[in-house]
2 protein chains.
Amino acid sequence: MHAPWPDTRLLHLLGIALPILQAPMAGAGLSALAAAVAKAGGLGALPCAMLTPEAAAAEIRLFRAQAAQPLNLNFFCHPPPAVDAAHDAQWRQLLRPYYEALGLDPETALPAAARKPFDAAMCALVEAERPAVVSFHFGLPAPALLERVKATGAKVLSSATTVREAVWLEARGCDAIIAQGVEAGGHRGMFLSDDISTQLGTMALVPQIVDAVQVPVIAAGGIGDARGIAAAFALGAAGVQLGTVYLLSPEATISPVHRAALQHLGDDDTALTRLFSGRPARGIVNRLMRDLGPMNPAAPAFPLAGAALAPLRAQTEPSGISDFMPLWAGQARRYAQALPAAVLTQRLAEETLQRLRR
Amino acid sequence: MHAPWPDTRLLHLLGIALPILQAPMAGAGLSALAAAVAKAGGLGALPCAMLTPEAAAAEIRLFRAQAAQPLNLNFFCHPPPAVDAAHDAQWRQLLRPYYEALGLDPETALPAAARKPFDAAMCALVEAERPAVVSFHFGLPAPALLERVKATGAKVLSSATTVREAVWLEARGCDAIIAQGVEAGGHRGMFLSDDISTQLGTMALVPQIVDAVQVPVIAAGGIGDARGIAAAFALGAAGVQLGTVYLLSPEATISPVHRAALQHLGDDDTALTRLFSGRPARGIVNRLMRDLGPMNPAAPAFPLAGAALAPLRAQTEPSGISDFMPLWAGQARRYAQALPAAVLTQRLAEETLQRLRR
């Protein structure tokens, strides 16, 4: 059953039928998306960074009610930022004209940051639920927590954006490494550098990581269809991770405004921005990014930047205005398809196998 | 003879045996590099942007004394910049501390800009020499000049960094389009936008351009070995253009300092910079890029920025110091090989065919 794929290491390692991993996308998909991909044979992922342990447990139950396949629980593992009142004040000052134009109180109390790092409570959840796969973004958690995760038998994945990050992850026990090229939508997994000017495209990154590590490498970033999947195998990857391509599926949980923005078929209209969270992430260029510059240093450290935008977003998004919200998308967003995620997964696999057989 | 390649359109169009184009690299290679690649079956290219018509004619003669194969003459076609004395003064002011530290007169007269756009004199050269291929960077020349080039029977190529640029080039008669991903070394061919934040990686760019135009597409950027060439075909390209991989060949004319910098096997140590010319180009990060920021707007418009750096470079490069010179290189620079360019070209072709046969 695994024979037609040019590389079957991931299939055996992760217990999946197709070398297609659904990218965990916090805010864009939950158990329905993960279960659809899993039932089609790919690896479904549940992004937990914006969930409480209770909510994550509920989503795991929903997944398991639909699918018997392996599940990938995904966590952020950023160091909690130091609170910097002066920086926060500067950011609120920069946003003040938008508050005033919308008739909002610039001094209103703000919500807590929505994105939380992996901690003891989430580790306990992993120990209780025993997912087949646990993946991290922004490096790895502290050694004691990582050891507990590995003791459950879970296979551990994380993202590398450079050779140095890939070697670092392999040395700490990652079972496979996601090579995340700069084309990818959403947050860059970068953790040994914060300089986006030297980040690599998928075409250049994948072979260099393949040559530097022993574990299987999963290509991510800019892969939109069977051509991209076949290209990833040609580069030496053992599989792919796809995110943006699923954003128009009915199982995606993005808002109508985000969905509408994805209908316009652009290629050069996404950029890396730190405005919405404090860390660079790729999304469709919108008014805030144009006004302030996408990498404006005034935005507070991850994940604090988003809090001061929440009132602006709450006031505008219901009216169909995307000015103050992230519109995460990768550079191959043209290939997102409004198909059920299971159909899309199977179609991508079939079309890739047809190409590889030629 | 063409049968083994998955796409033979370029071979027929350009009259070459291998779908490998040597990237024209102004300052990094002349007739010796072009002839070596041509004799191996690829398309050799002569970069003319930094040559006088007389010097270009001499190089064409040298090429033709060695190779009977087609030749690609490459030209820049940027609009000549308006002189902006205030901007120039600001740039010289910014560089003043370096002049003083090196004991140079900050008011010294500067050389003329080294890079010139395609003009009537170069067009007359094309008409006299009738190269098989003429390629442009930064768009296309004025319609009257382009018409004269096409009337010679030359096939015309140019680079696109977005779908919009590709469609623009096809509409104006390009016979094939180079899809230049952001991984590529040297100058970005971008001409309908100057915003590097939205430039695409090769993995995302190639399929989108393939889907948007009818003419053959040549993939460029981040391709370092047979894996990358095979991946380019998987993405729908009809061939590849390779530059960085040739920089360590004996035929490359880069200086010992540049060659030495390429010996250190980095992956995430190149960035786009406008400091050395005024337009974004990828090179290894060096002191000037670190000190001023690689995209500092104080550098004058292309191609004027380089003039004020010339005295600094002349004072330091002979001592092995690379602080004030461009170290052009792409993101797959690890795969540059110190092999004769003909051997390298044939080896890349053979290894690619082996992969494609699997």
# chains A, B, ... in the order shown; residues from 1 in each chain; ligands from 1

$ interface_residues --of "chain B" --to "chain A" --cutoff "6 Å" --atoms "only C-alpha atoms" --output "VMD selection string"
chain B and resid 183 197 to 198 201 203 to 204 222 227 to 228 230 to 231 234 to 235 268 to 271 331 to 332

$ residues_around --residues "segment 123-126 of chain B" --least-positions-apart "2" --cutoff "9 Å" --atoms "only C-alpha atoms" --output "PyMOL selection string"
chain B and resi 53-54+56-57+73+118-121+128-131+134+145-146+148-149+152+154

$ select_by_dssp --residues "segment 187-353 of chain B" --states "alpha helix (DSSP H)" --output "mmCIF file with C-alpha atoms, in the first residue's frame"
data_model
loop_
_atom_site.group_PDB
_atom_site.id
_atom_site.type_symbol
_atom_site.label_atom_id
_atom_site.label_comp_id
_atom_site.auth_asym_id
_atom_site.auth_seq_id
_atom_site.Cartn_x
_atom_site.Cartn_y
_atom_site.Cartn_z
ATOM 1 C CA THR B 202 10.712 29.649 -6.495
ATOM 2 C CA MET B 203 8.434 26.863 -5.224
ATOM 3 C CA ALA B 204 5.427 29.188 -5.212
ATOM 4 C CA LEU B 205 6.366 31.316 -8.221
ATOM 5 C CA VAL B 206 7.072 28.766 -10.959
ATOM 6 C CA PRO B 207 3.685 26.979 -11.080
ATOM 7 C CA GLN B 208 1.765 30.251 -10.912
ATOM 8 C CA ILE B 209 3.712 31.660 -13.877
ATOM 9 C CA VAL B 210 3.419 28.356 -15.773
ATOM 10 C CA ASP B 211 -0.345 28.570 -15.339
ATOM 11 C CA ALA B 212 -0.470 32.211 -16.485
ATOM 12 C CA ALA B 226 20.134 17.714 -9.690
ATOM 13 C CA ARG B 227 17.463 17.635 -7.003
ATOM 14 C CA GLY B 228 16.604 21.250 -7.686
ATOM 15 C CA ILE B 229 16.593 20.762 -11.452
ATOM 16 C CA ALA B 230 14.277 17.768 -11.128
ATOM 17 C CA ALA B 231 12.056 19.800 -8.786
ATOM 18 C CA ALA B 232 11.874 22.625 -11.340
ATOM 19 C CA PHE B 233 10.581 20.196 -13.971
ATOM 20 C CA ALA B 234 8.065 18.843 -11.449
ATOM 21 C CA PRO B 256 39.721 36.082 -4.614
ATOM 22 C CA VAL B 257 37.856 37.817 -1.769
ATOM 23 C CA HIS B 258 34.478 36.862 -3.231
ATOM 24 C CA ARG B 259 35.700 33.338 -3.917
ATOM 25 C CA ALA B 260 36.963 32.988 -0.352
ATOM 26 C CA ALA B 261 33.631 34.143 1.083
ATOM 27 C CA LEU B 262 31.884 31.406 -0.900
ATOM 28 C CA GLN B 263 34.048 28.730 0.709
ATOM 29 C CA ARG B 287 29.866 44.642 7.224
ATOM 30 C CA LEU B 288 28.240 47.414 5.167
ATOM 31 C CA MET B 289 24.934 45.511 5.059
ATOM 32 C CA ARG B 290 25.082 44.904 8.806
ATOM 33 C CA ASP B 291 26.070 48.494 9.621
ATOM 34 C CA LEU B 292 23.561 50.336 7.441
ATOM 35 C CA ALA B 310 34.232 52.321 -5.296
ATOM 36 C CA PRO B 311 37.046 54.102 -3.401
ATOM 37 C CA LEU B 312 36.276 52.127 -0.231
ATOM 38 C CA ARG B 313 36.312 48.865 -2.144
ATOM 39 C CA ALA B 314 39.500 49.743 -4.011
ATOM 40 C CA GLN B 315 41.209 50.469 -0.709
ATOM 41 C CA THR B 316 40.141 47.248 1.037
ATOM 42 C CA ALA B 341 31.946 24.799 -15.864
ATOM 43 C CA ALA B 342 31.643 22.230 -18.662
ATOM 44 C CA VAL B 343 32.171 19.317 -16.278
ATOM 45 C CA LEU B 344 29.704 20.789 -13.827
ATOM 46 C CA THR B 345 27.070 21.359 -16.511
ATOM 47 C CA GLN B 346 27.349 17.835 -17.857
ATOM 48 C CA ARG B 347 27.367 16.317 -14.388
ATOM 49 C CA LEU B 348 24.243 18.251 -13.374
ATOM 50 C CA ALA B 349 22.496 17.088 -16.536
ATOM 51 C CA GLU B 350 23.490 13.444 -16.064
ATOM 52 C CA GLU B 351 22.513 13.400 -12.399
ATOM 53 C CA THR B 352 19.176 15.010 -13.204
ATOM 54 C CA LEU B 353 18.422 12.467 -15.919
#

$ select_by_dssp --residues "segment 57-223 of chain A" --states "strand (DSSP E or B)" --output "PyMOL selection string"
chain A and resi 71-76+117+133-137+155-160+176-180+186-187+217-220
